[in-house]
Amino acid sequence: MLTCQKGCSACCRGLFDITLLDAFWLREGFAQLPAQVREEVLGRCRPRLFELQQRWPQLTNPYLLNDLPDDSWTSMPEGDETPCPLLGAEGLCLVYPFRPMTCHLHGLPNLDLSGEDFSTDLCTLHPGDPRSLPEAVLRWPFRETFSREIGLLRAFTLQLTGTPTSEADTFIPLALLADYGCFVGMKREE
């Protein structure tokens with residue numbers, strides 16, 4: 001049995017990259033939160049932005065990471081215990097139905113139907129090896145799903161910027177603070 005359940009937020013720590021597609025989806029959920037809650041969340045995001053701009057002065061709105069040296073943001077410090085700004089006081093995600101793909105998949109074996117393993121980061125809170133779960137629980141068409149996600153991202157970035165790209169990444173705090181109105185064809189948010 002998996003230990004992931006309501007209130008478990010052990011993996012909701014530190015900075016991890018999400019796609020621009022995930023950022024827009026996340027913001028859809030964020031916009032549905034009460035104004036006071038949104039302001040509290042943004043209050044947790046601002047110090048992260050300041051910290052990251054101290055590290056990378058060239059990090060400017062809309063806060064995409066792909067123009068930074070790849071190794072500087074793809075391997076963020078493991079000891080960062082800063083909670084996700086969208087983690088509520090009860091240990092619950094404030095935008096759970098809108099959480100990024102990585103939040104859906106983190107800590108679980110990502111075994112494709114072919115047997116290919118797309119993730120080596122397994123949750124250490126699971127009793128035993130999660131790979132010992134029944135095949136029906138573990139296997140999913142990950143290769144096909146990830147290929148479709150890349151296709152969606154390319155179409156999305158083409159619509160936004162006029163250039164299709166397979167990589168457009170940010171961090172959750174940055175996604176919530178960014179002004180995406182700078183993209184071609186996007187309405188500036190108030």
# chains A, B, ... in the order shown; residues from 1 in each chain; ligands from 1
>>> residues_around(residues="stretch 149-166 of chain A", least_positions_apart="3", cutoff="10 Å", atoms="only C-alpha atoms", output="list in words")
Thr19, Leu20, Leu21, Asp22, Met101, Arg143, Glu144, Thr145, Phe146, Asp169, Tyr180, Gly181, Cys182, Phe183, Val184, Gly185 and Met186 of chain A
>>> residues_around(residues="A:Val41", least_positions_apart="6", cutoff="9 Å", atoms="only C-alpha atoms", output="JSON, numbers by chain")
{"A": [85, 86, 87, 173, 176]}
>>> write_last_selection(atoms="N, CA and C atoms", output="compact mmCIF listing (two decimals), in the first residue's frame")
# COMPACT_ATOMS: atom_id res chain seq x y z
N PRO A 85 4.79 27.20 -1.44
CA PRO A 85 3.93 28.31 -1.02
C PRO A 85 2.44 27.98 -1.10
N LEU A 86 2.11 26.93 -1.82
CA LEU A 86 0.70 26.53 -1.95
C LEU A 86 0.29 25.45 -0.96
N LEU A 87 1.17 25.19 -0.01
CA LEU A 87 0.87 24.20 1.02
C LEU A 87 0.15 24.90 2.17
N PRO A 173 6.86 29.20 -7.02
CA PRO A 173 6.75 30.58 -6.55
C PRO A 173 6.90 31.61 -7.68
N LEU A 176 3.69 31.89 -9.86
CA LEU A 176 2.61 32.65 -9.25
C LEU A 176 2.87 34.16 -9.27
>>> atom_distance(atom1="atom CA of A:Asp112", atom2="atom CA of A:Pro97")
23.5 Å
>>> residues_around(residues="A:Phe98", least_positions_apart="6", cutoff="7 Å", atoms="only C-alpha atoms", output="VMD selection string")
chain A and resid 25 to 26 29
>>> residues_around(residues="A:Arg44", least_positions_apart="3", cutoff="12 Å", atoms="only C-alpha atoms", output="VMD selection string")
chain A and resid 37 to 41 47 to 51 82 to 88 172 to 174 176 to 177
>>> select_by_dssp(residues="stretch 79-149 of chain A", states="helix (DSSP H, G or I)", output="NGL selection string")
:A and (96-98 or 101-105 or 130-132 or 135-138 or 142-149)
>>> write_last_selection(atoms="N, CA, C and O atoms", output="compact mmCIF listing (two decimals), in the first residue's frame")
# COMPACT_ATOMS: atom_id res chain seq x y z
N TYR A 96 -4.98 21.57 -5.16
CA TYR A 96 -4.74 20.15 -5.46
C TYR A 96 -5.19 19.71 -6.85
O TYR A 96 -4.40 19.08 -7.57
N PRO A 97 -6.39 20.01 -7.31
CA PRO A 97 -6.78 19.54 -8.66
C PRO A 97 -5.96 20.21 -9.78
O PRO A 97 -5.96 19.72 -10.90
N PHE A 98 -5.26 21.27 -9.47
CA PHE A 98 -4.51 22.03 -10.47
C PHE A 98 -3.00 21.85 -10.30
O PHE A 98 -2.22 22.56 -10.95
N MET A 101 2.27 18.42 -13.04
CA MET A 101 2.49 17.00 -13.36
C MET A 101 3.49 16.37 -12.39
O MET A 101 3.27 15.25 -11.94
N THR A 102 4.55 17.07 -12.07
CA THR A 102 5.56 16.49 -11.19
C THR A 102 4.97 16.17 -9.82
O THR A 102 5.37 15.20 -9.18
N CYS A 103 4.01 16.95 -9.36
CA CYS A 103 3.36 16.67 -8.08
C CYS A 103 2.49 15.42 -8.17
O CYS A 103 2.34 14.69 -7.19
N HIS A 104 1.93 15.17 -9.33
CA HIS A 104 1.14 13.95 -9.53
C HIS A 104 2.03 12.71 -9.49
O HIS A 104 1.60 11.66 -9.04
N LEU A 105 3.25 12.84 -9.99
CA LEU A 105 4.09 11.67 -10.23
C LEU A 105 5.20 11.47 -9.21
O LEU A 105 5.79 10.39 -9.15
N PRO A 130 8.12 0.48 -3.39
CA PRO A 130 6.88 0.71 -4.13
C PRO A 130 6.82 -0.06 -5.44
O PRO A 130 5.74 -0.33 -5.95
N ARG A 131 7.98 -0.47 -5.97
CA ARG A 131 7.98 -1.24 -7.22
C ARG A 131 7.41 -2.64 -7.02
O ARG A 131 7.18 -3.34 -7.99
N SER A 132 7.18 -3.01 -5.76
CA SER A 132 6.61 -4.34 -5.50
C SER A 132 5.08 -4.32 -5.60
O SER A 132 4.44 -5.35 -5.43
N GLU A 135 1.47 -4.89 -10.91
CA GLU A 135 1.76 -4.29 -12.22
C GLU A 135 0.67 -3.32 -12.66
O GLU A 135 0.95 -2.28 -13.22
N ALA A 136 -0.60 -3.66 -12.40
CA ALA A 136 -1.71 -2.81 -12.82
C ALA A 136 -1.66 -1.44 -12.16
O ALA A 136 -2.14 -0.45 -12.71
N VAL A 137 -1.05 -1.35 -10.97
CA VAL A 137 -0.91 -0.08 -10.26
C VAL A 137 0.29 0.69 -10.79
O VAL A 137 0.25 1.92 -10.90
N LEU A 138 1.34 -0.03 -11.14
CA LEU A 138 2.61 0.62 -11.50
C LEU A 138 2.70 1.06 -12.95
O LEU A 138 3.29 2.09 -13.24
N PHE A 142 3.55 5.99 -19.92
CA PHE A 142 4.30 7.21 -19.63
C PHE A 142 4.95 7.80 -20.88
O PHE A 142 4.91 9.01 -21.08
N ARG A 143 5.58 6.97 -21.70
CA ARG A 143 6.25 7.49 -22.89
C ARG A 143 5.25 8.24 -23.77
O ARG A 143 5.49 9.36 -24.20
N GLU A 144 4.10 7.63 -24.01
CA GLU A 144 3.06 8.26 -24.83
C GLU A 144 2.55 9.55 -24.16
O GLU A 144 2.38 10.58 -24.81
N THR A 145 2.32 9.48 -22.86
CA THR A 145 1.81 10.65 -22.12
C THR A 145 2.82 11.79 -22.15
O THR A 145 2.45 12.94 -22.40
N PHE A 146 4.09 11.49 -21.92
CA PHE A 146 5.12 12.54 -21.93
C PHE A 146 5.29 13.11 -23.34
O PHE A 146 5.51 14.31 -23.50
N SER A 147 5.17 12.27 -24.36
CA SER A 147 5.26 12.77 -25.74
C SER A 147 4.10 13.71 -26.04
O SER A 147 4.29 14.76 -26.67
N ARG A 148 2.92 13.35 -25.58
CA ARG A 148 1.76 14.23 -25.78
C ARG A 148 1.94 15.54 -25.02
O ARG A 148 1.57 16.62 -25.50
N GLU A 149 2.51 15.46 -23.82
CA GLU A 149 2.75 16.67 -23.03
C GLU A 149 3.71 17.61 -23.77
O GLU A 149 3.49 18.83 -23.82
>>> closest_residue(among="A:Val95, A:Cys11, A:Asp17, A:Leu111", to="A:Ser72", atoms="only C-alpha atoms")
A:Asp17
